[in-house]
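*Asks:* Take a look at the following structure, please.
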Amino acid sequence: MPVNPKHDSLAGLRVFHNLSALSAVADLAIICTPPSTVPDLIAQLGQAGTKAAIVLTAGSDTPSSDGAVNMQQAMLDAARPHLLRILGPNCIGLIVPGIGLNASFASAAALPGKIAFVSQSGALTTAVLDWAVSNNIGFSKFISIGNSADVDFGDVLDYLASDPDTRSILLYIESIKFARKFMSAARAAARNKPVIVVKAGRSAAGAIAAASHTGAMAGSDIVFDAAIKRAGMLRVNTTQDLFSAIETLSRAKPLHGNKLIILTNGGGPGVMAADTLNLAGETLAVLSDETRRKLDTVLPATWSKTNPIDIIGDAPVERYRKALSTVLDDGGSDAVLFIHAPTAIVGSEDIARECAPLIAASPRCLLSCWLGGQGVLAARQVFNQAGMPTYQTPEEAVQAFLYLLAYRRNQELLLEVPSSQPLDFQVNVQQVKEIVGNSLRNGHSLLNEVEAKSVLAAYGISVVETRVANTVEAAGDLAQQIGFPVVLKILSPDISHKSDVGGVVLNLESVQDVRTAAQAMLLRLSKHNPNAQLASFTVQAMVNWPGAHELILGVANDEIFGPIMLFGHGGTAAQLINDRAVSLPPLNLALAQRLVANTRVFKLLQGYRDRPQADLSGLYLILVKLSQLVIDIPEVVELDINPLLLDEGGAIALDARIRIAPSLLQGSDRLAIRPYPKELEETFELEGSKGHSILLRPILPSDSESYQCFLRSLSTEDARNRFFCAVHQLPQSELARVTQIDYSREMTMVIINADKSKNVEILGEIRLVTDPDNQQAEMGIAVSTEFQCKGLGSRLLSKAIRYCQERGTATMVGTVLAENTPMLGLAKKFGFTLLSHHDGVVDICLSLNGKD
């Protein structure tokens with residue numbers, strides 16, 4: 001239904017002169033009118049009952065003539081009362097080939113397919129579409145979100161995650177607005193299908209200097225990269241990489257490790273592949289003795305005897321088959337790269353047809369590279385038709401392996417569920433709250449060194465004892481009490497990095513040395529920093545750990561993703577060395593290990609020559625403790641431990657700096673990823689079974705097998721009441737959706753036997769799925785047939801109601817079979833209203849805000 005005040009017909013269609021003249025309520029409005037007209041049009045559409053609009057118009061974020069409000073905000077204000085959702089403005093539009101919808105002004109129509117493409121850039125959208133059509137690549141959805149004033153990446157990922165027509169998702173991202181919403185949606189989508197990302201703005205040009213090393217080093221791109229990894233997505237560098245990566249992930253068999261064998265009929269291509277792998281920081285698999293012996297029996301005596309395996313250029317088909325069969329059976333490798341350069345001795349297609357059945361029958365991941373053009377075209381087609389990943393160069397093939405490796409590692413990070421409360425250590429949260437509170441009440445934004453070290457000590461992090469001297473004479477007296485040698489430091493709220501102004505002197509051996517050094521500090525300060533306030537000095541014992549590593553550990557606040565954790569090579573040259581990695585809290589030991597492993601200094605920490613391995617487990621625990629500090633004390637916005645000395649005997653923090661600010665958020669609310677909510681755990685005694693302890697807690701990824709056992713424990717009737725069909729086992733993909741949840745948007749609580757001597761046995765579950773606006777939570781509940789009539793259903797429902805109320809959810813709803821009288825009775829007991837009875841089911845609803 002075209003609408004335009006100046007025309008009567010368009011492309012043979014009747015044109016309506018205004019919205020009030022429309023012959024029906026529009027399901028979708030596509031707006032391409034001047035910016036000043038958009039808000040009123042949105043208001044009219046909302047009043048008429050339209051629930052969706054695509055705003056192609058650009059320039060809507062510029063101020064209105066009176067400067068009071070921009071058109072984009074006015075548009076949103078007009079839409080909100082009617083719950084009308086808007087894609088755009090300043091976008092190309094939306095294409096859904098499967099239903100023949102082209103609500104865009106793209107130059108070409110997308111082909112149907114199983115890939116969803118979502119982009120912020122309009123120009124890139126049209127370019128990718130044109131390229132995809134030329135390469136016969138189809139899409140399930142092709143979406144340009146433009147300014148994403150309303151519908152953003154989080155909303156689109158929410159939809160695509162459960163879209164049955166979409167098998168993989170490609171994203172071109174320039175910026176993220178709401179980190180938790182994005183991370184929650186991204187993690188939910190990545191659990192179910194591959195999500196691959198290109199992010200513009202990789203350079204550090206946008207990073208600005210901050211008050212601490214951590215703030216200066218944690219550039220926005222490295223933070224985004226850490227977020228993508230934690231969300232289980234894969235990041236690539238170019239738009240072309242998007243499609244090659246998705247081709248690899250959709251065709252390759254699962255990768256379970258990082259050990260690659262290269263099988264080639266030419267030494268040069270094998271060396272090129274090995275170089276590419278090595279430059280990426282990975283290494284080739286080492287051939288087992290058994291594999292070497294087998295290869296000796298099927299290859300010429302001149303074969304390479306190592307990996308890459310060169311089977312020699314004159315290899316006949318039979319040699320290919322036997323060599324490939326041998327490496328596919330090698331237990332010490334995780335993947336095989338098959339490289340073939342054409343020769344006149346044997347046809348490439350013959351080799352492909354002989355090898356394809358072997359590869360198809362093996363569970364091993366195999367990538368292939370058919371070098372050349374026309375001569376290997378038929379061989380490539382054989383492998384393509386068999387669903388095997390095929391590449392034109394060794395470098396492309398190795399890059400595909402690296403994609404698989406990165407994706408597997410990121411998916412492992414997705415499974416990690418750190419707790420909101422400490423599990424293996426004790427902390428004194430109250431002491432830290434008092435230190436921070438007192439400092440804020442006194443108008444300070446920076447804890448002094450003694451206060452900062454007290455915070456670390458309260459979290460079980462070893463610090464060197466530090467004492468404060470208010471005068472030069474007192475500094476000498478304290479040094480005498482501590483014992484020589486000592487370290488003297490300046491203590492000033494105006495000086496962040498003491499070494500930069502000569503505010504640190506080491507190895508002082510006498511009282512006179514201390515007083516002379518203190519006097520010299522005062523002179524330097526008055527000369528170079530005359531406006532700096534000198535509060536006092538600190539004196540501490542000189543820590544002499546020969547051979548200890550100097551490290552930096554820190555916390556900074558990213559403007560998009562909130563708190564971040566940093567680890568790297570420390571000392572005064574930390575920024576110059578620039579060896580660091582970042583991660584999003586919360587951390588557990590596994591995530592802390594991955595953070596440390598992403599730095600160059602990690603190799604030194606593992607030990608070399610006569611240097612023993614450092615206390616890595618202790619280092620990981622310190623990082624977890626800092627992560628807990630971030631959760632417990634939202635006022636901490638920046639923290640440096642530099643240096644942290646680490647050797648084989650342990651670690652000690654020599655210096656610490658903590659910046660604080662008042663916070664309106666509590667606990668984990670400021671984190672981009674919500675931790676496992678351990679505070680929701682409850683232990684109680686099973687009715688009628690004295691001494692039988694039961695634990696009610698949120699579900700964990702490790703519960704997957706226990707959940708399958710729980711489903712098998714349900715009678716056919718109970719399974720039908722829960723799922724409306726007799727479900728006794730879930731496919732792996734659906735099982736992951738149930739057990740690997742994002743606690744920000746959904747919750748499954750389970751009741752398990754609390755006896756730790758037994759395997760986890762799930763006795764009951766309640767699942768809550770909340771809409772993105774937190775207005776409605778849909779529930780499903782079941783109790784093991786054997787444990788019914790013991791109050792477990794009431795426990796689960798009561799807990800779920802309290803949980804939704806605390807989150808501010810407006811209503812709880814459910815759909816119950818009309819014949820499921822126990823569930824209907826339970827619902828009535830807790831105040832649910834039975835809304836309707838249709839097709840053998842009853843809709844139930846509970847208002848949680850006191851309104852009907």
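The chains in the structure tokens are called A, B, ... from first to last as shown; in each chain the residues are counted from 1, and the ligands are counted from 1 in the order shown.
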DSSP on the backbone, alpha helix (DSSP H) only: what residues of stretch 282-377 of chain A does that give? Format it as a PyMOL selection string.

*Replies:* chain A and resi 289-298+317-328+348-361+377

*Asks:* Please identify all polymer residues within 8 Å of A:Ala386, counting only C-alpha atoms, omitting same-chain residues fewer than 2 positions from it, and present them as a PyMOL selection string.

*Replies:* chain A and resi 356+360+382-384+388

*Asks:* Mind dumping the selected residues with all heavy atoms as a short mmCIF file (atom, residue, chain, number, x, y, z; two decimals), in the first residue's frame?

*Replies:*
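Saved to selection-v8.cif:
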data_model
loop_
_atom_site.label_atom_id
_atom_site.label_comp_id
_atom_site.auth_asym_id
_atom_site.auth_seq_id
_atom_site.Cartn_x
_atom_site.Cartn_y
_atom_site.Cartn_z
N ALA A 356 38.02 -39.83 -0.88
CA ALA A 356 36.78 -39.29 -0.31
C ALA A 356 36.07 -40.27 0.63
O ALA A 356 35.64 -39.87 1.73
CB ALA A 356 35.84 -38.82 -1.41
N ALA A 360 35.23 -39.54 4.61
CA ALA A 360 33.85 -39.52 5.06
C ALA A 360 33.63 -40.48 6.23
O ALA A 360 32.83 -40.21 7.13
CB ALA A 360 32.93 -39.87 3.90
N VAL A 382 34.61 -33.17 -6.47
CA VAL A 382 34.37 -34.44 -5.77
C VAL A 382 34.34 -34.20 -4.26
O VAL A 382 33.44 -34.68 -3.56
CB VAL A 382 35.46 -35.47 -6.12
CG1 VAL A 382 35.35 -36.70 -5.21
CG2 VAL A 382 35.33 -35.90 -7.58
N PHE A 383 35.32 -33.45 -3.75
CA PHE A 383 35.37 -33.17 -2.31
C PHE A 383 34.21 -32.26 -1.89
O PHE A 383 33.62 -32.45 -0.82
CB PHE A 383 36.71 -32.53 -1.94
CG PHE A 383 37.75 -33.55 -1.54
CD1 PHE A 383 37.85 -34.77 -2.20
CD2 PHE A 383 38.65 -33.29 -0.51
CE1 PHE A 383 38.81 -35.71 -1.83
CE2 PHE A 383 39.59 -34.22 -0.13
CZ PHE A 383 39.67 -35.43 -0.80
N ASN A 384 33.90 -31.27 -2.70
CA ASN A 384 32.79 -30.36 -2.37
C ASN A 384 31.47 -31.12 -2.28
O ASN A 384 30.67 -30.91 -1.37
CB ASN A 384 32.69 -29.25 -3.41
CG ASN A 384 33.74 -28.16 -3.20
OD1 ASN A 384 34.18 -27.93 -2.08
ND2 ASN A 384 34.15 -27.51 -4.27
N MET A 388 33.25 -31.84 2.00
CA MET A 388 34.56 -31.65 2.63
C MET A 388 35.10 -30.26 2.33
O MET A 388 35.06 -29.80 1.20
CB MET A 388 35.54 -32.71 2.11
CG MET A 388 35.10 -34.12 2.40
SD MET A 388 36.07 -35.33 1.50
CE MET A 388 35.09 -36.81 1.77
#

*Asks:* Please identify which residues in stretch 554-671 of chain A DSSP calls strand (DSSP E or B) from the backbone, and express them as a PyMOL selection string.

*Replies:* chain A and resi 554-558+562-569+580-583+608+611+636-647+650-653+656-660

*Asks:* Using only C-alpha atoms, which protein or nucleic acid residues come within 8 Å of stretch 656-658 of chain A? Drop anything in the same chain fewer than 3 positions from it, and give the result as a PyMOL selection string.

*Replies:* chain A and resi 446-449+452-453+496+636-642+653

*Asks:* Counting only C-alpha atoms, what is within 9 Å of A:Leu157, bar same-chain residues fewer than 5 positions away, as a list of chain:residue names?

*Replies:*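 Counting only C-alpha atoms, the residues come to A:Asp152, A:Ser162, A:Ile169, A:Phe182, A:Ala185, A:Ala186, A:Ala188, A:Ala189.
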
*Asks:* Quote the spacing between atom CA of A:Asp494 and atom CA of A:Asn531 in Å to one decimal place.

*Replies:* 8.6 Å

*Asks:* Report the distance between atom CA of A:Leu19 and atom CA of A:Gln44 in Å, rounded to one decimal place.

*Replies:* 7.2 Å

*Asks:* For A:Ser713, work out the shell of residues within 9 Å, counting only C-alpha atoms and skipping chain neighbours fewer than 2 positions away, then give it as a list in words.

*Replies:*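 Close residues of A:Ser713: Gln708, Cys709, Phe710, Leu711, Ser715, His728, Leu763, Ser784, Thr785 and Glu786 of chain A.
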
*Asks:* Figure out the distance between atom CA of A:Gly154 and atom CA of A:Lys181, please, to one decimal in Å.

*Replies:* 5.7 Å

*Asks:* Between A:Arg697, A:Arg408, A:His340, A:Arg167, single out the one closest to A:Met233, counting only C-alpha atoms.

*Replies:*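 Among the listed residues, A:Arg408 lies closest to A:Met233.
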
*Asks:* Which residues are near A:Ala227? Cut-off 9 Å, only C-alpha atoms, ignore same chain within fewer than 6 positions. Put them as a list in words.

*Replies:*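 The contact residues come out as Met183, Met233, Phe561, Ser583, Leu584 and Ala672 of chain A.
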
*Asks:* Neighbours of A:Met1 within 10 Å (only C-alpha atoms; same-chain residues fewer than 4 positions away dropped), as JSON, numbers by chain?

*Replies:* {"A": [10, 13, 14, 15, 16, 19, 22, 23, 24, 26, 29]}

*Asks:* With distances taken over only C-alpha atoms, which of A:Ser536, A:Ser304, A:Asn237, A:Gln430 is nearest to A:Ala474?

*Replies:* A:Ser536

*Asks:* Using only C-alpha atoms, which of A:Met565, A:Leu576, A:Glu395, A:Phe338 sits nearest A:Ala592?

*Replies:*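 Of A:Met565, A:Leu576, A:Glu395, A:Phe338, the one nearest A:Ala592 is A:Met565, counting only C-alpha atoms.
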